[in-house]
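Data block below; observations after.
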Amino acid sequence: MMKRLMIALLMALPVMAASAQDNTWERPQTGSNADARYLAGAVPEKDGHVVFEATLQAPGKTARQVYDIMLQQLTSLTKEEGQFEQSRVSVADEQNLQIAATYQEWLVFKSTALQLDRTRLMYHLFVDCRDGEATVRMTRINYLYDEERDPTAYKAEEWITDKYGLNKKQTKLARVSGKFRRKTIDRKDYLFGLFAKALQ
């Protein structure tokens, strides 16, 4: 009986793995280099603020087409599961082809039957649209952790930068703030990848 049960479980593993959601743009590496992409330089700072920025290509599309696609993407994002009612597109400037949106969402570190470890993630997205491309910035990143029991607020600049999110030698993620750094980078990669795909 036990042997048959084990065989059934092993046969189900590929199906279970395939159905797991992967919200990262690039699949994380495994092995000794698994954390390499989260280490020094992975969280850029500009004028004292954490700013993730990318220019995404939109081959053959006019600036107005790029704007329409990005507006639709940012609007759809506000309705995703895990978003709070505060998530919204705050600026949609058709003349200058610029968009600004603010989001509050759950960032889940661990979810099991016995444990739910998560934080509220707050950030802004700014988009500048031009012929053939869009520049996207993710900034003003803040966290509200353990808000159901003992709320603690963190700013990205004081929590996930190289100084705070890594050990002193910058060879490993910090014990506590490292999980915020990892999941924030994963979220950024997912969003930028989503937008890049929509613009193709």
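If you're wondering about the labels, chains in the structure tokens are A, B, ... by order shown, residues count from 1 in each chain, ligands from 1 in order shown.
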Close residues, Gly48 in chain A itself excluded, 12 Å, only C-alpha atoms, min 3 positions apart in chain, as a ChimeraX atom specification = /A:43-45,51,139-140,155-158,161
For Met122 in chain A, please output as a count of residues only all residues within 7 Å (counting only C-alpha atoms; exclusion window: fewer than 6 positions along the same chain).
-> 6
Do a neighbour search on Leu39 in chain A at 10 Å with only C-alpha atoms, toss out local chain neighbours closer than 2 positions, and write the hits as a short mmCIF file (atom, residue, chain, number, x, y, z; two decimals) with N, CA and C atoms, in the first residue's frame.
```cif
data_model
loop_
_atom_site.label_atom_id
_atom_site.label_comp_id
_atom_site.auth_asym_id
_atom_site.auth_seq_id
_atom_site.Cartn_x
_atom_site.Cartn_y
_atom_site.Cartn_z
N ASP A 35 22.14 32.69 -5.45
CA ASP A 35 21.87 34.06 -5.00
C ASP A 35 22.70 35.11 -5.75
N ALA A 36 23.45 34.70 -6.75
CA ALA A 36 24.37 35.63 -7.42
C ALA A 36 23.67 36.87 -7.95
N ARG A 37 22.48 36.70 -8.52
CA ARG A 37 21.81 37.85 -9.13
C ARG A 37 21.18 38.79 -8.12
N GLY A 41 25.13 45.32 -6.29
CA GLY A 41 24.72 46.03 -7.49
C GLY A 41 23.33 45.70 -7.99
N ALA A 42 22.68 44.71 -7.39
CA ALA A 42 21.36 44.28 -7.87
C ALA A 42 20.25 45.27 -7.51
N VAL A 43 20.52 46.12 -6.52
CA VAL A 43 19.54 47.14 -6.12
C VAL A 43 20.17 48.51 -6.36
N THR A 161 19.12 47.86 0.25
CA THR A 161 20.31 48.27 -0.51
C THR A 161 21.49 47.35 -0.16
N ASP A 162 22.59 47.49 -0.90
CA ASP A 162 23.77 46.66 -0.63
C ASP A 162 24.21 46.78 0.82
N GLY A 165 20.97 45.03 2.83
CA GLY A 165 20.40 43.77 2.37
C GLY A 165 21.39 42.64 2.20
N LEU A 166 22.70 42.96 2.38
CA LEU A 166 23.75 41.95 2.25
C LEU A 166 24.60 41.90 3.50
N ASN A 167 25.37 40.81 3.65
CA ASN A 167 26.30 40.76 4.78
C ASN A 167 27.46 41.73 4.54
N GLN A 170 29.38 41.31 1.50
CA GLN A 170 28.51 41.37 0.32
C GLN A 170 28.57 40.09 -0.51
N THR A 171 28.70 38.98 0.21
CA THR A 171 28.76 37.67 -0.44
C THR A 171 27.48 36.87 -0.23
N LYS A 172 26.61 37.34 0.68
CA LYS A 172 25.37 36.63 0.98
C LYS A 172 24.27 37.63 1.30
N LEU A 173 23.03 37.19 1.14
CA LEU A 173 21.90 38.01 1.56
C LEU A 173 21.86 38.09 3.07
N GLY A 178 17.40 40.30 3.82
CA GLY A 178 17.71 39.63 2.56
C GLY A 178 16.49 39.06 1.86
N ARG A 181 14.86 41.84 -0.01
CA ARG A 181 15.65 42.17 -1.20
C ARG A 181 15.38 41.16 -2.32
N ARG A 182 15.44 39.89 -1.98
CA ARG A 182 15.22 38.84 -2.97
C ARG A 182 13.84 38.97 -3.63
#
```
Mind running range 52-112 of chain A against range 127-134 of chain A at 7 Å and telling me each contacting residue's nearest atom pair with the distance in Å (one decimal), counting only C-alpha atoms, chain and number ascending, as a Markdown table?
```
| residue | atom | partner | partner_atom | distance |
| --- | --- | --- | --- | --- |
| A:Thr55 | CA | A:Ala134 | CA | 5.6 |
| A:Leu56 | CA | A:Ala134 | CA | 5.3 |
| A:Gln57 | CA | A:Glu133 | CA | 4.4 |
| A:Ala58 | CA | A:Gly132 | CA | 4.5 |
| A:Pro59 | CA | A:Gly132 | CA | 5.2 |
| A:Gly60 | CA | A:Gly132 | CA | 5.9 |
| A:Lys61 | CA | A:Gly132 | CA | 5.2 |
| A:Thr62 | CA | A:Asp131 | CA | 4.5 |
| A:Ala63 | CA | A:Asp131 | CA | 4.1 |
| A:Val66 | CA | A:Cys129 | CA | 6.0 |
| A:Tyr67 | CA | A:Cys129 | CA | 5.6 |
| A:Leu97 | CA | A:Cys129 | CA | 5.5 |
| A:Gln98 | CA | A:Asp128 | CA | 4.8 |
| A:Ile99 | CA | A:Val127 | CA | 5.1 |
| A:Ala100 | CA | A:Val127 | CA | 6.4 |
```
Filtering to C-alpha atoms, could you give me those residues as a PDB file, in the first residue's frame?
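Once written, selection.pdb looks like this:
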```pdb
ATOM      1  CA  THR A  55      14.188  50.847 -21.380  1.00  0.00           C
ATOM      2  CA  LEU A  56      11.980  48.284 -23.081  1.00  0.00           C
ATOM      3  CA  GLN A  57      11.878  47.904 -26.837  1.00  0.00           C
ATOM      4  CA  ALA A  58       8.631  48.094 -28.820  1.00  0.00           C
ATOM      5  CA  PRO A  59       9.637  47.330 -32.427  1.00  0.00           C
ATOM      6  CA  GLY A  60       7.610  49.174 -35.063  1.00  0.00           C
ATOM      7  CA  LYS A  61       5.225  50.823 -32.607  1.00  0.00           C
ATOM      8  CA  THR A  62       4.503  54.534 -32.418  1.00  0.00           C
ATOM      9  CA  ALA A  63       4.814  56.404 -29.141  1.00  0.00           C
ATOM     10  CA  VAL A  66       3.376  52.224 -26.711  1.00  0.00           C
ATOM     11  CA  TYR A  67       1.445  54.533 -24.381  1.00  0.00           C
ATOM     12  CA  LEU A  97       2.784  60.212 -23.177  1.00  0.00           C
ATOM     13  CA  GLN A  98       3.682  59.667 -19.535  1.00  0.00           C
ATOM     14  CA  ILE A  99       2.032  57.403 -16.956  1.00  0.00           C
ATOM     15  CA  ALA A 100       2.388  57.164 -13.191  1.00  0.00           C
TER      16      ALA A 100
END
```
Tell me, as a compact mmCIF listing (two decimals) with all heavy atoms, in the first residue's frame, which residues lie within 7 Å of Thr102 in chain A, counting only C-alpha atoms; anything in the same chain fewer than 6 positions away does not count.
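Result went into around.txt, see below:
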```
# COMPACT_ATOMS: atom_id res chain seq x y z
N SER A 87 -4.22 50.67 -4.90
CA SER A 87 -3.50 50.55 -6.17
C SER A 87 -4.29 51.25 -7.27
O SER A 87 -5.48 50.97 -7.45
CB SER A 87 -3.30 49.07 -6.52
OG SER A 87 -2.49 48.44 -5.55
N ARG A 88 -3.62 52.14 -8.00
CA ARG A 88 -4.34 52.88 -9.04
C ARG A 88 -3.35 53.56 -10.00
O ARG A 88 -2.19 53.80 -9.66
CB ARG A 88 -5.22 53.96 -8.42
CG ARG A 88 -4.45 55.08 -7.73
CD ARG A 88 -5.36 56.04 -6.98
NE ARG A 88 -4.63 57.17 -6.44
CZ ARG A 88 -3.92 57.14 -5.33
NH1 ARG A 88 -3.80 56.02 -4.62
NH2 ARG A 88 -3.29 58.23 -4.90
N VAL A 89 -3.83 53.87 -11.19
CA VAL A 89 -3.09 54.73 -12.12
C VAL A 89 -3.41 56.16 -11.74
O VAL A 89 -4.57 56.58 -11.81
CB VAL A 89 -3.50 54.44 -13.58
CG1 VAL A 89 -2.84 55.44 -14.52
CG2 VAL A 89 -3.13 53.01 -13.96
N SER A 90 -2.42 56.90 -11.31
CA SER A 90 -2.65 58.26 -10.79
C SER A 90 -2.46 59.34 -11.84
O SER A 90 -3.05 60.43 -11.74
CB SER A 90 -1.74 58.53 -9.59
OG SER A 90 -0.41 58.16 -9.88
N TYR A 123 4.87 50.72 -3.87
CA TYR A 123 5.84 51.27 -4.82
C TYR A 123 5.11 52.08 -5.89
O TYR A 123 3.89 52.02 -6.03
CB TYR A 123 6.66 50.15 -5.47
CG TYR A 123 5.86 49.14 -6.24
CD1 TYR A 123 5.64 49.27 -7.62
CD2 TYR A 123 5.30 48.03 -5.60
CE1 TYR A 123 4.90 48.34 -8.32
CE2 TYR A 123 4.56 47.09 -6.30
CZ TYR A 123 4.36 47.24 -7.66
OH TYR A 123 3.63 46.32 -8.36
N HIS A 124 5.91 52.86 -6.64
CA HIS A 124 5.39 53.63 -7.77
C HIS A 124 6.05 53.14 -9.06
O HIS A 124 7.23 52.79 -9.06
CB HIS A 124 5.68 55.12 -7.60
CG HIS A 124 4.85 55.79 -6.56
ND1 HIS A 124 5.01 55.57 -5.21
CD2 HIS A 124 3.85 56.70 -6.66
CE1 HIS A 124 4.14 56.31 -4.53
NE2 HIS A 124 3.42 57.00 -5.38
N LEU A 125 5.28 53.17 -10.14
CA LEU A 125 5.81 52.92 -11.47
C LEU A 125 5.63 54.18 -12.31
O LEU A 125 4.53 54.76 -12.32
CB LEU A 125 5.10 51.74 -12.14
CG LEU A 125 5.37 50.35 -11.58
CD1 LEU A 125 4.49 49.32 -12.27
CD2 LEU A 125 6.83 49.96 -11.70
```
Tell me which protein, DNA and RNA residues are within 12 Å of Leu191 in chain A, counting only C-alpha atoms, leaving out same-chain ones fewer than 5 positions away, and put them as a list of chain:residue names.
-> A:Asn23, A:Thr24, A:Trp25, A:Glu26, A:Phe52, A:Glu53, A:Ala54, A:Leu56, A:Met70, A:Gln73, A:Leu74, A:Ser76, A:Leu77, A:Leu125, A:Val136, A:Arg137, A:Met138, A:Thr184, A:Ile185, A:Asp186, A:Ala196, A:Lys197, A:Ala198
